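Text of target_28.pdb (PDB, C-alpha atoms) as supplied:
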ATOM      1  CA  MET A 297     -14.178   1.726  -1.167
ATOM      2  CA  ILE A 298     -12.304  -1.193  -2.725
ATOM      3  CA  SER A 299      -8.920   0.563  -2.748
ATOM      4  CA  SER A 300      -9.021   1.202   1.020
ATOM      5  CA  TRP A 301      -9.946  -2.454   1.640
ATOM      6  CA  LEU A 302      -7.304  -3.714  -0.776
ATOM      7  CA  PHE A 303      -4.371  -1.835   0.727
ATOM      8  CA  LYS A 304      -5.590  -1.723   4.336
ATOM      9  CA  GLY A 305      -2.987  -4.185   5.622
ATOM     10  CA  SER A 306      -0.139  -3.290   3.258
ATOM     11  CA  ILE A 307       2.732  -0.891   3.740
ATOM     12  CA  LEU A 308       1.018   1.531   1.329
ATOM     13  CA  ASN A 309      -1.641   2.253   3.947
ATOM     14  CA  TYR A 310       0.683   2.570   6.942
ATOM     15  CA  SER A 311       2.405   5.492   8.581
ATOM     16  CA  ASN A 312       4.783   5.864  11.506
ATOM     17  CA  GLU A 313       1.824   6.924  13.646
ATOM     18  CA  ARG A 314      -0.198   3.819  12.762
ATOM     19  CA  ILE A 315       2.781   1.519  13.363
ATOM     20  CA  HIS A 316       3.331   3.090  16.789
ATOM     21  CA  ARG A 317      -0.386   2.863  17.644
ATOM     22  CA  GLU A 318      -0.650  -0.808  16.694
ATOM     23  CA  ARG A 319       2.545  -1.573  18.591
ATOM     24  CA  LEU A 320       1.004  -0.163  21.755
ATOM     25  CA  GLU A 321      -2.130  -2.257  21.167
ATOM     26  CA  ARG A 322      -0.456  -5.562  20.296
ATOM     27  CA  ALA A 323       3.089  -5.731  21.693
ATOM     28  CA  PHE A 324       1.949  -6.807  25.168
ATOM     29  CA  LEU A 325      -0.487  -9.512  24.109
ATOM     30  CA  PRO A 326       0.317 -13.091  25.260
ATOM     31  CA  TRP A 327       2.493 -14.951  22.738
ATOM     32  CA  HIS A 328      -0.249 -17.428  21.808
ATOM     33  CA  GLN A 329      -2.655 -14.574  21.010
ATOM     34  CA  LYS A 330       0.010 -12.963  18.807
ATOM     35  CA  ILE A 331       0.423 -16.217  16.853
ATOM     36  CA  TRP A 332      -3.331 -16.725  16.535
ATOM     37  CA  HIS A 333      -3.995 -13.152  15.414
ATOM     38  CA  ALA A 334      -1.068 -13.302  12.958
ATOM     39  CA  SER A 335      -2.427 -16.478  11.369
ATOM     40  CA  LEU A 336      -5.909 -14.974  11.030
ATOM     41  CA  ARG A 337      -4.426 -11.791   9.600
ATOM     42  CA  SER A 338      -2.490 -13.799   7.027
ATOM     43  CA  LEU A 339      -5.695 -15.565   5.967
ATOM     44  CA  ALA A 340      -7.371 -12.178   5.552
ATOM     45  CA  GLU A 341      -4.497 -10.560   3.659
ATOM     46  CA  PHE A 342      -3.774 -13.445   1.272
ATOM     47  CA  PRO A 343      -6.710 -12.817  -1.116
ATOM     48  CA  LYS A 344      -5.659  -9.161  -1.284
ATOM     49  CA  SER A 345      -2.092 -10.120  -2.215
ATOM     50  CA  VAL A 346      -3.404 -12.343  -4.999
ATOM     51  CA  LEU A 347      -5.720  -9.608  -6.269
ATOM     52  CA  ILE A 348      -2.958  -6.975  -6.160
ATOM     53  CA  THR A 349      -0.669  -9.254  -8.155
ATOM     54  CA  VAL A 350      -3.405  -9.878 -10.726
ATOM     55  CA  MET A 351      -4.036  -6.133 -11.019
ATOM     56  CA  ILE A 352      -0.340  -5.388 -11.507
ATOM     57  CA  ARG A 353      -0.119  -8.153 -14.074
ATOM     58  CA  GLY A 354      -3.087  -6.705 -15.959
ATOM     59  CA  CYS A 355      -1.684  -3.172 -15.961
ATOM     60  CA  LEU A 356       1.705  -4.301 -17.213
ATOM     61  CA  ASN A 357       0.041  -6.490 -19.785
ATOM     62  CA  LEU A 358      -1.559  -3.371 -21.301
ATOM     63  CA  LEU A 359       1.915  -1.925 -21.742
ATOM     64  CA  ALA A 360       3.394  -5.090 -23.203
ATOM     65  CA  THR A 361       3.952  -5.239 -26.945
ATOM     66  CA  GLN A 362       3.275  -8.950 -27.160
ATOM     67  CA  ALA A 363       0.524 -11.057 -25.599
ATOM     68  CA  GLN A 364       3.039 -13.408 -23.984
ATOM     69  CA  SER A 365       5.051 -10.650 -22.282
ATOM     70  CA  LEU A 366       3.767 -11.736 -18.893
ATOM     71  CA  SER A 367       4.366 -15.444 -19.339
ATOM     72  CA  LEU A 368       4.708 -17.740 -16.388
ATOM     73  CA  PRO A 369       8.008 -19.375 -15.495
ATOM     74  CA  LYS A 370       9.157 -21.963 -17.983
ATOM     75  CA  ASN A 371       8.438 -24.785 -15.571
ATOM     76  CA  ASP A 372       4.868 -23.432 -15.091
ATOM     77  CA  SER A 373       5.309 -23.334 -11.341
ATOM     78  CA  GLN A 374       7.209 -21.138  -8.967
ATOM     79  CA  ILE A 375       7.281 -23.574  -6.078
ATOM     80  CA  SER A 376       7.076 -27.080  -7.432
ATOM     81  CA  HIS A 377      10.832 -27.393  -7.924
ATOM     82  CA  SER A 378      11.991 -30.955  -7.438
ATOM     83  CA  ASP A 379      14.572 -29.875  -4.865
ATOM     84  CA  ILE A 380      12.033 -28.094  -2.594
ATOM     85  CA  SER A 381       9.666 -30.252  -0.592
ATOM     86  CA  THR A 382       6.332 -29.175   0.851
ATOM     87  CA  LEU A 383       7.776 -29.170   4.367
ATOM     88  CA  GLU A 384      10.688 -26.968   3.294
ATOM     89  CA  PHE A 385       8.496 -24.450   1.476
ATOM     90  CA  VAL A 386       5.742 -24.247   4.082
ATOM     91  CA  VAL A 387       7.763 -24.511   7.314
ATOM     92  CA  LEU A 388      11.558 -24.499   7.010
ATOM     93  CA  ILE A 389      12.008 -21.641   4.525
ATOM     94  CA  PRO A 390       9.645 -19.246   6.383
ATOM     95  CA  ILE A 391      11.438 -19.938   9.670
ATOM     96  CA  LEU A 392      14.888 -19.325   8.157
ATOM     97  CA  GLU A 393      13.735 -16.206   6.321
ATOM     98  CA  GLU A 394      12.126 -14.772   9.441
ATOM     99  CA  LEU A 395      15.299 -15.402  11.446
ATOM    100  CA  ALA A 396      17.381 -13.734   8.739
ATOM    101  CA  PHE A 397      15.201 -10.740   7.869
ATOM    102  CA  ARG A 398      12.971 -10.035  10.859
ATOM    103  CA  GLY A 399      15.251 -11.607  13.479
ATOM    104  CA  THR A 400      18.651 -10.309  12.342
ATOM    105  CA  LEU A 401      18.482  -7.726   9.555
ATOM    106  CA  ILE A 402      15.791  -5.571  11.104
ATOM    107  CA  HIS A 403      17.773  -5.325  14.367
ATOM    108  CA  SER A 404      20.907  -4.353  12.425
ATOM    109  CA  VAL A 405      18.960  -1.582  10.698
ATOM    110  CA  ARG A 406      17.652  -0.388  14.069
ATOM    111  CA  ILE A 407      21.217  -0.133  15.366
ATOM    112  CA  LEU A 408      22.246   1.866  12.291
ATOM    113  CA  GLN A 409      19.266   4.176  12.738
ATOM    114  CA  LYS A 410      20.090   4.817  16.392
ATOM    115  CA  SER A 411      23.739   5.414  15.488
ATOM    116  CA  MET A 412      22.693   7.885  12.802
ATOM    117  CA  GLN A 413      20.497   9.778  15.231
ATOM    118  CA  ALA A 414      23.299   9.897  17.789
ATOM    119  CA  HIS A 415      26.137  10.956  15.487
ATOM    120  CA  VAL A 416      24.522  13.232  12.921
ATOM    121  CA  PRO A 417      25.194  16.858  13.956
ATOM    122  CA  ALA A 418      22.131  18.707  15.186
ATOM    123  CA  SER A 419      22.619  21.308  12.452
ATOM    124  CA  LEU A 420      22.146  18.613   9.793
ATOM    125  CA  LYS A 421      19.157  16.934  11.364
ATOM    126  CA  GLY A 422      15.862  17.566   9.642
ATOM    127  CA  LYS A 423      12.862  15.823   8.152
ATOM    128  CA  VAL A 424      15.018  13.629   5.899
ATOM    129  CA  VAL A 425      17.154  12.290   8.750
ATOM    130  CA  GLU A 426      14.071  11.944  10.925
ATOM    131  CA  TRP A 427      12.342   9.890   8.224
ATOM    132  CA  LEU A 428      15.410   7.704   7.617
ATOM    133  CA  ALA A 429      15.425   6.875  11.328
ATOM    134  CA  SER A 430      11.707   6.022  11.388
ATOM    135  CA  ASP A 431       9.922   2.682  11.662
ATOM    136  CA  TYR A 432       8.415   3.175   8.214
ATOM    137  CA  ALA A 433      11.815   3.619   6.563
ATOM    138  CA  ARG A 434      13.104   0.503   8.335
ATOM    139  CA  ILE A 435      10.180  -1.562   7.047
ATOM    140  CA  LEU A 436      10.666  -0.282   3.494
ATOM    141  CA  LEU A 437      14.384  -1.112   3.528
ATOM    142  CA  VAL A 438      13.984  -4.599   4.977
ATOM    143  CA  GLN A 439      11.110  -5.407   2.663
ATOM    144  CA  SER A 440      12.974  -4.128  -0.401
ATOM    145  CA  LEU A 441      15.890  -6.437   0.405
ATOM    146  CA  PHE A 442      13.447  -9.290   1.038
ATOM    147  CA  ALA A 443      11.806  -8.764  -2.374
ATOM    148  CA  ALA A 444      15.200  -8.456  -4.088
ATOM    149  CA  VAL A 445      16.331 -11.800  -2.673
ATOM    150  CA  HIS A 446      13.156 -13.374  -4.064
ATOM    151  CA  LEU A 447      13.584 -11.879  -7.531
ATOM    152  CA  GLN A 448      12.706 -14.566 -10.055
ATOM    153  CA  THR A 449      15.169 -15.021 -12.922
ATOM    154  CA  ASN A 450      13.344 -17.878 -14.641
ATOM    155  CA  TYR A 451      10.672 -15.677 -16.190
ATOM    156  CA  GLN A 452      10.660 -15.194 -19.936
ATOM    157  CA  SER A 453      10.181 -11.426 -19.615
ATOM    158  CA  THR A 454      11.167  -8.466 -17.491
ATOM    159  CA  PHE A 455       7.485  -7.716 -16.916
ATOM    160  CA  GLY A 456       6.974 -11.095 -15.264
ATOM    161  CA  SER A 457       9.885 -10.437 -12.918
ATOM    162  CA  VAL A 458       8.467  -7.004 -12.052
ATOM    163  CA  VAL A 459       5.087  -8.540 -11.203
ATOM    164  CA  GLN A 460       6.695 -11.183  -9.007
ATOM    165  CA  THR A 461       8.902  -8.673  -7.173
ATOM    166  CA  LEU A 462       6.100  -6.159  -6.550
ATOM    167  CA  GLY A 463       3.800  -8.929  -5.364
ATOM    168  CA  ILE A 464       6.392 -10.176  -2.875
ATOM    169  CA  PHE A 465       7.144  -6.622  -1.728
ATOM    170  CA  LEU A 466       3.497  -5.810  -1.025
ATOM    171  CA  GLY A 467       2.547  -9.217   0.352
ATOM    172  CA  GLY A 468       5.715  -9.731   2.370
ATOM    173  CA  SER A 469       5.562  -6.271   3.937
ATOM    174  CA  SER A 470       2.762  -7.636   6.108
ATOM    175  CA  CYS A 471       5.271  -9.995   7.777
ATOM    176  CA  THR A 472       7.561  -7.074   8.605
ATOM    177  CA  ILE A 473       4.639  -5.018   9.889
ATOM    178  CA  GLU A 474       3.512  -8.005  11.966
ATOM    179  CA  TYR A 475       6.928  -8.180  13.609
ATOM    180  CA  GLU A 476       7.208  -4.420  14.111
ATOM    181  CA  THR A 477       3.797  -4.110  15.766
ATOM    182  CA  THR A 478       4.017  -7.221  17.965
ATOM    183  CA  ASN A 479       7.790  -7.405  18.536
ATOM    184  CA  SER A 480       7.328 -11.149  18.169
ATOM    185  CA  LEU A 481       9.266 -13.339  15.761
ATOM    186  CA  MET A 482       6.757 -16.121  16.438
ATOM    187  CA  ALA A 483       3.919 -13.906  15.182
ATOM    188  CA  SER A 484       5.665 -12.955  11.928
ATOM    189  CA  THR A 485       6.705 -16.588  11.415
ATOM    190  CA  ALA A 486       3.114 -17.769  11.924
ATOM    191  CA  PHE A 487       1.977 -15.185   9.371
ATOM    192  CA  HIS A 488       4.661 -16.330   6.898
ATOM    193  CA  ILE A 489       3.938 -20.051   7.347
ATOM    194  CA  THR A 490       0.194 -19.507   6.889
ATOM    195  CA  ASN A 491       0.824 -17.507   3.708
ATOM    196  CA  ASN A 492       3.186 -20.107   2.229
ATOM    197  CA  ALA A 493       0.767 -22.904   3.110
ATOM    198  CA  LEU A 494      -1.992 -21.092   1.217
ATOM    199  CA  VAL A 495       0.277 -20.483  -1.788
ATOM    200  CA  HIS A 496       1.381 -24.119  -1.865
ATOM    201  CA  GLY A 497      -2.150 -25.429  -1.421
ATOM    202  CA  ILE A 498      -3.596 -23.312  -4.237
ATOM    203  CA  ALA A 499      -0.660 -24.089  -6.576
ATOM    204  CA  SER A 500      -0.988 -27.818  -5.891
ATOM    205  CA  LEU A 501      -4.748 -27.695  -6.457
ATOM    206  CA  ALA A 502      -4.290 -25.806  -9.726
ATOM    207  CA  ALA A 503      -1.615 -28.269 -10.875
ATOM    208  CA  SER A 504      -3.894 -31.233 -10.177
ATOM    209  CA  TYR A 505      -6.531 -29.816 -12.520
ATOM    210  CA  SER A 506      -4.134 -28.709 -15.258
TER     211      SER A 506
END

Would you encode the structure as structure tokens?
Amino acid sequence: MISSWLFKGSILNYSNERIHRERLERAFLPWHQKIWHASLRSLAEFPKSVLITVMIRGCLNLLATQAQSLSLPKNDSQISHSDISTLEFVVLIPILEELAFRGTLIHSVRILQKSMQAHVPASLKGKVVEWLASDYARILLVQSLFAAVHLQTNYQSTFGSVVQTLGIFLGGSSCTIEYETTNSLMASTAFHITNNALVHGIASLAASYS
């Protein structure tokens, strides 16, 4: 079924049990295998991210009152800013973002979760507290902040910004899942670099024919 294929690698098709199972399978792989598998996984997930974004765009377009409600950014490109080079977009930015979000933020959230589990009275503990302290909740929080940081303000409509944010949330969640299941910053960085390289390559190819 196309829906199961489409969301197979996204956060929408994960659970705490699946995260734990994949962590047991992948966390102890050699580092070079983690990087290789992450790169291949990024190649496999990229077409899905594009298709999901197109689907979201189409659905929102049905709700729009004007045909141009989902217009592209005014400069017709999200990444071809004059102040961002190919090397920065494909290599430097992914490395810095992985250090910030998967290397620092996710560990801070883990500490908060452990503190919550330790200090919340037993009488108040329940399914809500258990869920808030779970791997799944941590991924959702980190990915929500990641998508918020990437919120585009140069769109001509709110719908365009919604599409961009949802696309980054769904596509970028794979990086967080990659880190959570491998416990390797190199693996999530390899995934991120591969994804950005694909985005840049397709955007450059499209621009050359426009």

### Non-local contacts of Met482 of chain A (10 Å; all atoms listed in the file; under 6 positions in same chain excluded) as number ranges by chain
A: 327-328, 330-331, 334, 391, 394-395, 474-475, 488

Within 9 Å of segment 311-319 of chain A: each segment 371-446 of chain A residue with its shortest pair, only C-alpha atoms, as a Markdown table:
| residue | atom | partner | partner_atom | distance |
| --- | --- | --- | --- | --- |
| A:Ser430 | CA | A:Asn312 | CA | 6.9 |
| A:Asp431 | CA | A:Asn312 | CA | 6.0 |
| A:Tyr432 | CA | A:Asn312 | CA | 5.6 |
| A:Ala433 | CA | A:Asn312 | CA | 8.9 |

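The interatomic distance for the pair atom CA of Arg434 of chain A and atom CA of Gly467 of chain A works out to 16.4 Å.
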
### Task
Translate the PyMOL selection byres ((chain A and resi 484) around 12), as applied to the file shown, into an explicit residue set as a ChimeraX atom specification.
/A:327,330-338,390-395,397-399,468-483,485-491

Residues of the last selection are to be written out with C-alpha atoms, as a PDB file, keeping the file's coordinate frame.
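Saved as out-v3.pdb:
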ATOM      1  CA  TRP A 327       2.493 -14.951  22.738  1.00  0.00           C
ATOM      2  CA  LYS A 330       0.010 -12.963  18.807  1.00  0.00           C
ATOM      3  CA  ILE A 331       0.423 -16.217  16.853  1.00  0.00           C
ATOM      4  CA  TRP A 332      -3.331 -16.725  16.535  1.00  0.00           C
ATOM      5  CA  HIS A 333      -3.995 -13.152  15.414  1.00  0.00           C
ATOM      6  CA  ALA A 334      -1.068 -13.302  12.958  1.00  0.00           C
ATOM      7  CA  SER A 335      -2.427 -16.478  11.369  1.00  0.00           C
ATOM      8  CA  LEU A 336      -5.909 -14.974  11.030  1.00  0.00           C
ATOM      9  CA  ARG A 337      -4.426 -11.791   9.600  1.00  0.00           C
ATOM     10  CA  SER A 338      -2.490 -13.799   7.027  1.00  0.00           C
ATOM     11  CA  PRO A 390       9.645 -19.246   6.383  1.00  0.00           C
ATOM     12  CA  ILE A 391      11.438 -19.938   9.670  1.00  0.00           C
ATOM     13  CA  LEU A 392      14.888 -19.325   8.157  1.00  0.00           C
ATOM     14  CA  GLU A 393      13.735 -16.206   6.321  1.00  0.00           C
ATOM     15  CA  GLU A 394      12.126 -14.772   9.441  1.00  0.00           C
ATOM     16  CA  LEU A 395      15.299 -15.402  11.446  1.00  0.00           C
ATOM     17  CA  PHE A 397      15.201 -10.740   7.869  1.00  0.00           C
ATOM     18  CA  ARG A 398      12.971 -10.035  10.859  1.00  0.00           C
ATOM     19  CA  GLY A 399      15.251 -11.607  13.479  1.00  0.00           C
ATOM     20  CA  GLY A 468       5.715  -9.731   2.370  1.00  0.00           C
ATOM     21  CA  SER A 469       5.562  -6.271   3.937  1.00  0.00           C
ATOM     22  CA  SER A 470       2.762  -7.636   6.108  1.00  0.00           C
ATOM     23  CA  CYS A 471       5.271  -9.995   7.777  1.00  0.00           C
ATOM     24  CA  THR A 472       7.561  -7.074   8.605  1.00  0.00           C
ATOM     25  CA  ILE A 473       4.639  -5.018   9.889  1.00  0.00           C
ATOM     26  CA  GLU A 474       3.512  -8.005  11.966  1.00  0.00           C
ATOM     27  CA  TYR A 475       6.928  -8.180  13.609  1.00  0.00           C
ATOM     28  CA  GLU A 476       7.208  -4.420  14.111  1.00  0.00           C
ATOM     29  CA  THR A 477       3.797  -4.110  15.766  1.00  0.00           C
ATOM     30  CA  THR A 478       4.017  -7.221  17.965  1.00  0.00           C
ATOM     31  CA  ASN A 479       7.790  -7.405  18.536  1.00  0.00           C
ATOM     32  CA  SER A 480       7.328 -11.149  18.169  1.00  0.00           C
ATOM     33  CA  LEU A 481       9.266 -13.339  15.761  1.00  0.00           C
ATOM     34  CA  MET A 482       6.757 -16.121  16.438  1.00  0.00           C
ATOM     35  CA  ALA A 483       3.919 -13.906  15.182  1.00  0.00           C
ATOM     36  CA  THR A 485       6.705 -16.588  11.415  1.00  0.00           C
ATOM     37  CA  ALA A 486       3.114 -17.769  11.924  1.00  0.00           C
ATOM     38  CA  PHE A 487       1.977 -15.185   9.371  1.00  0.00           C
ATOM     39  CA  HIS A 488       4.661 -16.330   6.898  1.00  0.00           C
ATOM     40  CA  ILE A 489       3.938 -20.051   7.347  1.00  0.00           C
ATOM     41  CA  THR A 490       0.194 -19.507   6.889  1.00  0.00           C
ATOM     42  CA  ASN A 491       0.824 -17.507   3.708  1.00  0.00           C
TER      43      ASN A 491
END

### Task
Quick one: pull the distance between atom CA of Leu408 of chain A and atom CA of Gly422 of chain A, Å, one decimal.
17.2 Å

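Minimum atom-to-atom distances from A:Leu437, A:Ser381, A:Val416, A:Ser457 to Ile402 of chain A were compared using only C-alpha atoms, and the lowest value belongs to A:Leu437.
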
### Query
atom CA of Pro326 of chain A to atom CA of Ala340 of chain A: how many Å, to one decimal?
21.2 Å

### Task
Would you list the residues near (9.4, -24.4, 1.6), meaning any protein, DNA or RNA residue with an atom at most 10 Å from that point in file coordinates, counting only C-alpha atoms, as a count of residues only?
20

### Query
Exactly which residues make up the result of the PyMOL selection byres ((chain A and resi 443) around 12) on this file, given as a ChimeraX atom specification?
/A:393,397,435-442,444-448,457-469,472

Only C-alpha atoms needed: put segment 378-432 of chain A from the block into a file as a CSV table (one decimal), in the first residue's frame.
chain,number,residue,atom,x,y,z
A,378,SER,CA,24.1,34.7,-2.7
A,379,ASP,CA,25.5,34.5,0.8
A,380,ILE,CA,25.3,30.6,1.0
A,381,SER,CA,27.8,28.6,-1.1
A,382,THR,CA,27.3,25.0,-2.2
A,383,LEU,CA,29.9,23.9,0.3
A,384,GLU,CA,28.1,25.7,3.2
A,385,PHE,CA,24.7,24.3,2.3
A,386,VAL,CA,25.8,20.7,1.6
A,387,VAL,CA,28.5,20.2,4.2
A,388,LEU,CA,29.0,23.0,6.8
A,389,ILE,CA,25.3,23.7,7.7
A,390,PRO,CA,24.4,20.0,8.1
A,391,ILE,CA,27.4,19.5,10.4
A,392,LEU,CA,26.6,22.6,12.6
A,393,GLU,CA,22.9,21.7,12.7
A,394,GLU,CA,23.7,18.1,13.7
A,395,LEU,CA,26.0,19.3,16.5
A,396,ALA,CA,23.4,21.7,17.7
A,397,PHE,CA,20.2,19.6,17.5
A,398,ARG,CA,21.3,16.0,17.6
A,399,GLY,CA,24.6,16.5,19.5
A,400,THR,CA,23.5,19.1,22.1
A,401,LEU,CA,19.8,19.6,22.3
A,402,ILE,CA,18.8,16.0,22.2
A,403,HIS,CA,21.1,15.3,25.2
A,404,SER,CA,19.7,18.2,27.1
A,405,VAL,CA,16.2,16.8,26.6
A,406,ARG,CA,17.3,13.4,27.8
A,407,ILE,CA,18.6,15.0,31.0
A,408,LEU,CA,15.3,16.8,31.5
A,409,GLN,CA,13.4,13.5,30.9
A,410,LYS,CA,15.5,11.6,33.4
A,411,SER,CA,15.1,14.4,35.9
A,412,MET,CA,11.4,14.4,35.4
A,413,GLN,CA,11.2,10.7,36.0
A,414,ALA,CA,13.3,11.0,39.1
A,415,HIS,CA,11.5,13.9,40.8
A,416,VAL,CA,7.9,13.5,39.8
A,417,PRO,CA,6.1,11.9,42.8
A,418,ALA,CA,5.0,8.3,42.2
A,419,SER,CA,1.4,9.3,42.8
A,420,LEU,CA,1.5,11.6,39.8
A,421,LYS,CA,3.2,9.3,37.5
A,422,GLY,CA,1.0,7.8,34.8
A,423,LYS,CA,0.8,7.3,31.0
A,424,VAL,CA,1.2,11.1,30.3
A,425,VAL,CA,4.5,11.3,32.3
A,426,GLU,CA,5.6,8.0,30.9
A,427,TRP,CA,5.0,9.3,27.3
A,428,LEU,CA,6.8,12.6,28.0
A,429,ALA,CA,9.8,10.7,29.1
A,430,SER,CA,9.8,8.4,26.0
A,431,ASP,CA,12.1,8.4,23.0
A,432,TYR,CA,9.2,9.2,20.8
